[in-house]
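> One structure, as structure tokens, below. Some questions next.
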Amino acid sequence: MVEGLIGVSILLPCIAGLLCFLIKSPGARSAIIVATGVVLTISALMLFNNGPCTYTPQTILGLDVNLLITVADFGLLFIILGIAFKLGNPLVIILTLLQIVPLAYFELKMAPHVELSPAFYIDTLALVMNLIISIVGSLICIFGIRYMEEHEHHLHLKKSRQPRFFFFLVLFLGAMNGLVFSNNLLWLYFFWEVTTFCSFMLIGHDRTEIAIKNATRALWMNMTGGVAFVAAIIAIYYKTQSVEYLSLQTLINHSPELTGFLLLPFALLCFAGFTKAAQVPFQSWLCGAMVAPTPVSALLHSSTMVKAGVYIVVRLAPGFQGTYLSTMVATFGAFTFLTASALAVNMSNGKKILAYSTIANLGLIIACAGINTPAAIIAAILLIIFHAVSKGLLFLCVGTIEHAIGSRDIEDMRGLYNTMPAVSRITIIGILTMMLPPFGALMSKWMAIEAAANIPWVVVMVALGSGLTVLFWARWAGLFVSGPQLKQQEIRKESALKATLLTLFRGFYPNAKWKDPASIKVPLVVLASGAILLSMTVPWIYTILVKPVVASYRTGLFVEPFKTMPFGLTSGVGAFYVLPVFLVSILAYLMAVFASQKGGHRVISAPYMCGEQYPDPMQPKFRSHLNSWKDYMAGNVYLHEFIGEGKISYWINILSLIILIVMFGEVVR
Amino acid sequence: MNTVDMIAVIAAVFLSPLLGGLVAGIDRKVTARLQGRYGPPILQPFYDVLKLFGKEKMVVNYWQIFCAYMYLAANILTVVLLALQSDLLLIFFVLAVGGVFLVIGALAAESPYSQIGAQRELIQMLTYEPLIILVFVGIYLEAGSFKISEIVSNYHQPLLISLPLLFIVLGYAIVIKLRKSPFDISTSHHAHQELVKGVMTEYSGPYLGVIEISHWYETVFILGLCALFWHTNFIWMSVLIVVTYFGEILVDNITARLKWRWMLPHAWTGGLLMSFANYFWIYAKIQ
């Protein structure tokens, strides 16, 4: 049964993608996408229920799998080479050749026929990733159905390009599942390159000049990671003279005397992870990816692509525990967290805020992997989970809002609560789950800070970055509710208690209808409630999903870093009371809603304008000369004079390159 | 939950507003004396809040009411967690919840004054939050735990002795957190500093009362943090609190408001340098 489920996780998206590509009827395509999502979710749950396992497929339809993957690998590289020639981009050509030639040399000369068993090593970390990819990824694909319809409607396309779009979108899920299951580094490399290729095709989907430019940038940056990956494979073989170490598990659980030999491959693989996770100085490809339709950004940012980058670093972390490399990885991650948060403060484009916040969170995950204590690894995995859900949700929200108001600028979202109460409310939930206790993302940050406390420069960067994240999230949430009180609120006659309960589901404007179709509503509601429920059940999530991951490595030496209590988590040095804080939050929420819904005398006034305001409270204006009415303008503080994107990006790139050079310099030496 | 904890929670919820209000009254009295005035009675803040609750309820937007109560709830929870001697970082994060809702409430009203106030309050939060985290990390490095209960039971000398520079950083953060001059940028207690009351502009009547009470809780929390630096002896603890708070009042009265463009870089640079110096001190001592 396990074989079947693994096959479903990897191959079903490929087949479904092909079907999406071949079948031109939109109805059938939607049905295929929804069905694939449902099947993937069920299979991920069943696989998780089955527990950790290993599996080595020998043949598919009579073909040797190992050979098949090798052939496909070269096929893919030559396709990319062809694209590179078509783009006329010498950089991509060189980077592709730098992968083809060494890989060919390795496969033909150095170590032909690398057969490793097990080829798929599925532990709890892989299962957690599989759950995220299958559930969050599927929801994003389902959201894409309706979104792409509207998107193409806006673009006035003669011929729909959706078949191609969904081919790559759905294929992506299969490649990611393969990536997290693979134990054979050569297989992992293949899936790694598939995700690079898919993201290139998806970012450039709209074929505008800027889309092609940004897609090319994403391609070359990720190809440097690919080159590092191939170099790592060869370095492992060269240093150990054995193909055994191409098995991820053998590599991680190597004997202590080999650590010095293996640091270079570890550093190279981490570098590959950095490029894929868009860490500085590679942040620009992920920001450029914003030109793609929203489902692409949502997928790249939440459950796939960038998560592959942090996955590999977290996966390898036990292998370089306690080394110089580990400290450098922590420093690098924390630096990314700080700088990306600063850049996010600087943005007024909603999608770019999300992009930089993603990069920042990935930086924090990588920092945790570098700190490399069991507690830090737990923080990293929890952050992967919570970030995937909340960030996926926020991207879908911004996409929905963008289609409704034609802008993704947060300044244009002022008072959106009055026109789109439901979507605004869900967006605010998404924002709060990213930044406030008792939600899971913040709990991971708590763990991260406590774990980082022993490396002062890391904790300082995390502290500063954490202050910056509060700034850009809080003002965004506030902008949504900025505006006058609408009249429809006043007509209601329910009791205060009923009104309070109704508010839980329908907000302050219970009469407003949410008109979006189901394929938009369902992903938003599922992800929003998921973000809240996952946070509430964090002690159980920890016990079931996260603890086994950390317990599985360094067996024997494992001291459980956190203890679950009936109401939260405690560590040797701290305690996070999840449930009591949740309970108080819910009570406070109900009290606050009740207070605002209570009947009785209450005046809705116009905002204060020095006594010179316009008679209509709905339109705040000042009286100006000759009794004319002047609008006022309010805007966010973006700190341009301190941290303007154009100003500091250059220095951030230089500094991050220096950190990388120092990291490699010491490792090579 | 045992009896001691129960008493601590009840005291935190019911006694801290009384204490906070009293501190506010003393603050006003001392401030008045420093300015050569006679000043209001010590209990004046209570009279003010009582009067506020008798006023007409007036809002621009229901979100303001919601946010005022969330601000109150977060601040009460902060003090309760402090009284329960829980995790310093957890307390800090809950404190941030209050700040965030105060800002959202101010942004909810479309008044230019409260909008500007909200932006400035955000910058103030941005300035003091990392400083407070750095102080807590210093406490952890010295005392070996983030949990107040363990610091109190396992660490047997005043933290002030090993963390003097971090105490200065905390003092810096407190001036910003309590919005005292020269960092009363988002809203000011002094009438001469501003025409319109920044982040509080659109709050009036009972809801302003709620915000005032929340602020009292905040004050108690801040004093509690100071107390942590001399937890071994009650008398010295009180002396430390009184001296610190008097210092804050003094600074409040002898300085004029600065711009956030000055505050942010200076507070961060100074705070970082002093924190690092103190960390090195701790490390040197361990070696």
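We label chains A, B, ... in the order they appear in the structure tokens, count residues from 1 in each chain, and number ligands from 1 in the order shown.
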Using only C-alpha atoms, I'd like every residue of chain A that has an atom within 6 Å of chain B; please write them out as a PyMOL selection string.
chain A and resi 453+463-464+467+471+474+478+481-485+573-575+588+592-593+596+602-608
> Can you list, as an MDAnalysis selection string, every protein, DNA or RNA residue that comes within 10 Å of segment 70-79 of chain A when you count only C-alpha atoms, leaving out same-chain residues fewer than 2 positions away?
chainID A and resid 65:68 81:85 96:97 99:100 103:104 107 113 186:187 189:191 193:194 197
> Kindly export the residues of the current selection with C-alpha atoms, as a CSV table (one decimal), in the first residue's frame.

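Everything below was put into part23.csv:
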```
chain,number,residue,atom,x,y,z
A,65,VAL,CA,13.6,3.7,-12.5
A,66,ASN,CA,17.2,4.7,-11.9
A,67,LEU,CA,17.9,4.8,-15.6
A,68,LEU,CA,14.6,6.6,-16.2
A,81,LEU,CA,19.9,24.5,-22.4
A,82,GLY,CA,17.7,24.9,-25.5
A,83,ILE,CA,15.6,27.6,-23.7
A,84,ALA,CA,18.9,29.3,-22.7
A,85,PHE,CA,19.9,29.5,-26.3
A,96,THR,CA,23.5,24.7,-17.6
A,97,LEU,CA,26.7,23.5,-19.2
A,99,GLN,CA,25.8,21.1,-14.7
A,100,ILE,CA,25.6,18.9,-17.8
A,103,LEU,CA,27.1,15.4,-14.2
A,104,ALA,CA,27.9,13.5,-17.4
A,107,GLU,CA,27.5,9.4,-14.3
A,113,HIS,CA,25.0,3.1,-12.1
A,186,LEU,CA,20.9,12.1,-7.6
A,187,TRP,CA,17.1,11.7,-7.5
A,189,TYR,CA,18.8,16.6,-7.7
A,190,PHE,CA,16.4,15.6,-10.5
A,191,PHE,CA,13.4,16.8,-8.6
A,193,GLU,CA,15.8,20.8,-11.2
A,194,VAL,CA,12.2,20.0,-12.1
A,197,PHE,CA,12.2,24.5,-14.4
```
> For each of A:Pro517, A:Gly319, A:Pro548, A:Gly174, take the minimum atom-to-atom distance to Thr124 of chain A, counting only C-alpha atoms, then give the residue where this is smallest.
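Closest to Thr124 of chain A of all the choices is A:Pro548.
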> For Glu212 of chain B, list every protein, DNA or RNA residue within 9 Å, evaluated using only C-alpha atoms, and leave out those in the same chain fewer than 6 positions away; present the list as JSON, numbers by chain.
{"B": [21, 45, 49]}
> Which distance in Å separates atom CA of Leu219 of chain A and atom CA of Gln283 of chain A, to one decimal?
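Computed distance, atom CA of Leu219 of chain A to atom CA of Gln283 of chain A, equals 12.9 Å.
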> So which residues touch Asn253 of chain B within 10 Å, counting only C-alpha atoms, skipping near sequence neighbours fewer than 6 positions away, as a list of chain:residue names?
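Surrounding residues, per the criterion: B:Val30, B:Thr31, B:Ala32, B:Leu34, B:Gln35, B:Lys180, B:Ser181, B:Pro182, B:His190, B:Gly247.
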> Please determine, counting only C-alpha atoms, which residue among B:Val199, B:Leu165, B:Ser238, B:Ile42 has the shortest atom-to-atom distance to Gly20 of chain B.
B:Ile42
> Give me the residues within 10 Å of Arg164 of chain A as an mmCIF file with N, CA and C atoms, in the first residue's frame, counting only C-alpha atoms and dropping any in the same chain fewer than 6 places off.

```cif
data_model
loop_
_atom_site.group_PDB
_atom_site.id
_atom_site.type_symbol
_atom_site.label_atom_id
_atom_site.label_comp_id
_atom_site.auth_asym_id
_atom_site.auth_seq_id
_atom_site.Cartn_x
_atom_site.Cartn_y
_atom_site.Cartn_z
ATOM 1 N N GLY A 17 -1.389 16.667 -14.415
ATOM 2 C CA GLY A 17 -0.870 17.822 -15.139
ATOM 3 C C GLY A 17 -0.955 17.603 -16.645
ATOM 4 N N LEU A 18 -0.548 16.414 -17.064
ATOM 5 C CA LEU A 18 -0.615 16.096 -18.501
ATOM 6 C C LEU A 18 -2.047 16.169 -19.004
ATOM 7 N N CYS A 20 -4.470 17.919 -17.736
ATOM 8 C CA CYS A 20 -4.852 19.340 -17.796
ATOM 9 C C CYS A 20 -4.340 19.965 -19.086
ATOM 10 N N PHE A 21 -3.165 19.517 -19.490
ATOM 11 C CA PHE A 21 -2.547 20.090 -20.674
ATOM 12 C C PHE A 21 -3.279 19.644 -21.936
ATOM 13 N N LEU A 22 -3.720 18.378 -21.945
ATOM 14 C CA LEU A 22 -4.300 17.826 -23.174
ATOM 15 C C LEU A 22 -5.771 18.135 -23.315
ATOM 16 N N MET A 201 8.922 28.382 -15.849
ATOM 17 C CA MET A 201 7.809 28.419 -16.793
ATOM 18 C C MET A 201 6.622 29.191 -16.220
ATOM 19 N N LEU A 202 6.380 29.027 -14.899
ATOM 20 C CA LEU A 202 5.205 29.671 -14.305
ATOM 21 C C LEU A 202 5.421 31.171 -14.134
ATOM 22 N N HIS A 205 4.856 32.982 -17.259
ATOM 23 C CA HIS A 205 3.625 32.550 -17.921
ATOM 24 C C HIS A 205 2.961 33.633 -18.766
#
```
> Using only C-alpha atoms, which residues sit within 12 Å of Gly224 of chain B once same-chain residues fewer than 6 positions away are excluded, as a PyMOL selection string?
chain B and resi 12+16+19-20+78-85+88+91+148+174+217-218+230-231+237-238+240-242+244-245
> Counting only C-alpha atoms, what is within 6 Å of segment 127-138 of chain A, bar same-chain residues fewer than 4 positions away, as a count of residues only?
7
> Between B:Val251, B:Ile76, B:Val4, B:Leu43, which has the minimum distance to Val210 of chain B (counting only C-alpha atoms)?
B:Ile76
> Please, which residues of segment 556-611 of chain A, numbered as in this document, come out helix (DSSP H, G or I) from DSSP, as a ChimeraX atom specification?
/A:578-597
> Could those residues be written to a file, using N, CA and C atoms, as a PDB file, in the first residue's frame?

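Output contents, as saved in selection.pdb:
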```pdb
ATOM      1  N   VAL A 578       0.137  27.903  25.774  1.00  0.00           N
ATOM      2  CA  VAL A 578      -0.683  28.101  24.586  1.00  0.00           C
ATOM      3  C   VAL A 578      -2.159  28.226  24.936  1.00  0.00           C
ATOM      4  N   LEU A 579      -2.667  27.197  25.631  1.00  0.00           N
ATOM      5  CA  LEU A 579      -4.108  27.176  25.826  1.00  0.00           C
ATOM      6  C   LEU A 579      -4.633  28.276  26.739  1.00  0.00           C
ATOM      7  N   PRO A 580      -3.970  28.543  27.893  1.00  0.00           N
ATOM      8  CA  PRO A 580      -4.477  29.651  28.709  1.00  0.00           C
ATOM      9  C   PRO A 580      -4.494  30.970  27.939  1.00  0.00           C
ATOM     10  N   VAL A 581      -3.424  31.222  27.195  1.00  0.00           N
ATOM     11  CA  VAL A 581      -3.386  32.482  26.456  1.00  0.00           C
ATOM     12  C   VAL A 581      -4.483  32.486  25.396  1.00  0.00           C
ATOM     13  N   PHE A 582      -4.694  31.322  24.779  1.00  0.00           N
ATOM     14  CA  PHE A 582      -5.769  31.237  23.799  1.00  0.00           C
ATOM     15  C   PHE A 582      -7.120  31.510  24.436  1.00  0.00           C
ATOM     16  N   LEU A 583      -7.314  30.887  25.619  1.00  0.00           N
ATOM     17  CA  LEU A 583      -8.584  31.045  26.306  1.00  0.00           C
ATOM     18  C   LEU A 583      -8.822  32.517  26.631  1.00  0.00           C
ATOM     19  N   VAL A 584      -7.801  33.151  27.176  1.00  0.00           N
ATOM     20  CA  VAL A 584      -7.943  34.560  27.528  1.00  0.00           C
ATOM     21  C   VAL A 584      -8.178  35.385  26.263  1.00  0.00           C
ATOM     22  N   SER A 585      -7.477  35.033  25.172  1.00  0.00           N
ATOM     23  CA  SER A 585      -7.667  35.780  23.929  1.00  0.00           C
ATOM     24  C   SER A 585      -9.100  35.671  23.443  1.00  0.00           C
ATOM     25  N   ILE A 586      -9.642  34.452  23.525  1.00  0.00           N
ATOM     26  CA  ILE A 586     -11.017  34.274  23.048  1.00  0.00           C
ATOM     27  C   ILE A 586     -11.973  35.072  23.929  1.00  0.00           C
ATOM     28  N   LEU A 587     -11.751  34.989  25.251  1.00  0.00           N
ATOM     29  CA  LEU A 587     -12.605  35.758  26.162  1.00  0.00           C
ATOM     30  C   LEU A 587     -12.494  37.242  25.857  1.00  0.00           C
ATOM     31  N   ALA A 588     -11.254  37.703  25.671  1.00  0.00           N
ATOM     32  CA  ALA A 588     -11.047  39.123  25.403  1.00  0.00           C
ATOM     33  C   ALA A 588     -11.732  39.509  24.109  1.00  0.00           C
ATOM     34  N   TYR A 589     -11.599  38.627  23.114  1.00  0.00           N
ATOM     35  CA  TYR A 589     -12.223  38.904  21.821  1.00  0.00           C
ATOM     36  C   TYR A 589     -13.732  39.035  21.997  1.00  0.00           C
ATOM     37  N   LEU A 590     -14.324  38.065  22.720  1.00  0.00           N
ATOM     38  CA  LEU A 590     -15.773  38.108  22.901  1.00  0.00           C
ATOM     39  C   LEU A 590     -16.186  39.359  23.669  1.00  0.00           C
ATOM     40  N   MET A 591     -15.388  39.702  24.700  1.00  0.00           N
ATOM     41  CA  MET A 591     -15.701  40.886  25.489  1.00  0.00           C
ATOM     42  C   MET A 591     -15.640  42.139  24.613  1.00  0.00           C
ATOM     43  N   ALA A 592     -14.595  42.192  23.774  1.00  0.00           N
ATOM     44  CA  ALA A 592     -14.425  43.373  22.933  1.00  0.00           C
ATOM     45  C   ALA A 592     -15.549  43.479  21.913  1.00  0.00           C
ATOM     46  N   VAL A 593     -15.920  42.319  21.330  1.00  0.00           N
ATOM     47  CA  VAL A 593     -17.008  42.345  20.353  1.00  0.00           C
ATOM     48  C   VAL A 593     -18.310  42.718  21.044  1.00  0.00           C
ATOM     49  N   PHE A 594     -18.521  42.124  22.219  1.00  0.00           N
ATOM     50  CA  PHE A 594     -19.747  42.397  22.962  1.00  0.00           C
ATOM     51  C   PHE A 594     -19.856  43.886  23.260  1.00  0.00           C
ATOM     52  N   ALA A 595     -18.731  44.465  23.683  1.00  0.00           N
ATOM     53  CA  ALA A 595     -18.739  45.889  24.014  1.00  0.00           C
ATOM     54  C   ALA A 595     -19.089  46.724  22.796  1.00  0.00           C
ATOM     55  N   SER A 596     -18.617  46.290  21.635  1.00  0.00           N
ATOM     56  CA  SER A 596     -18.899  47.111  20.465  1.00  0.00           C
ATOM     57  C   SER A 596     -20.268  46.813  19.862  1.00  0.00           C
ATOM     58  N   GLN A 597     -20.867  45.682  20.245  1.00  0.00           N
ATOM     59  CA  GLN A 597     -22.179  45.350  19.692  1.00  0.00           C
ATOM     60  C   GLN A 597     -23.319  45.723  20.633  1.00  0.00           C
TER      61      GLN A 597
END
```
> State, in Å with one decimal place, the distance from atom CA of Ile69 of chain A to atom CA of Pro265 of chain A.
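Result for atom CA of Ile69 of chain A versus atom CA of Pro265 of chain A: 22.2 Å, one decimal.
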> Tell me which of B:Val135, B:Leu22, B:Leu52, B:Leu208 sits closest to Ala173 of chain B, counting only C-alpha atoms.
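Closest to Ala173 of chain B, using only C-alpha atoms: B:Val135.
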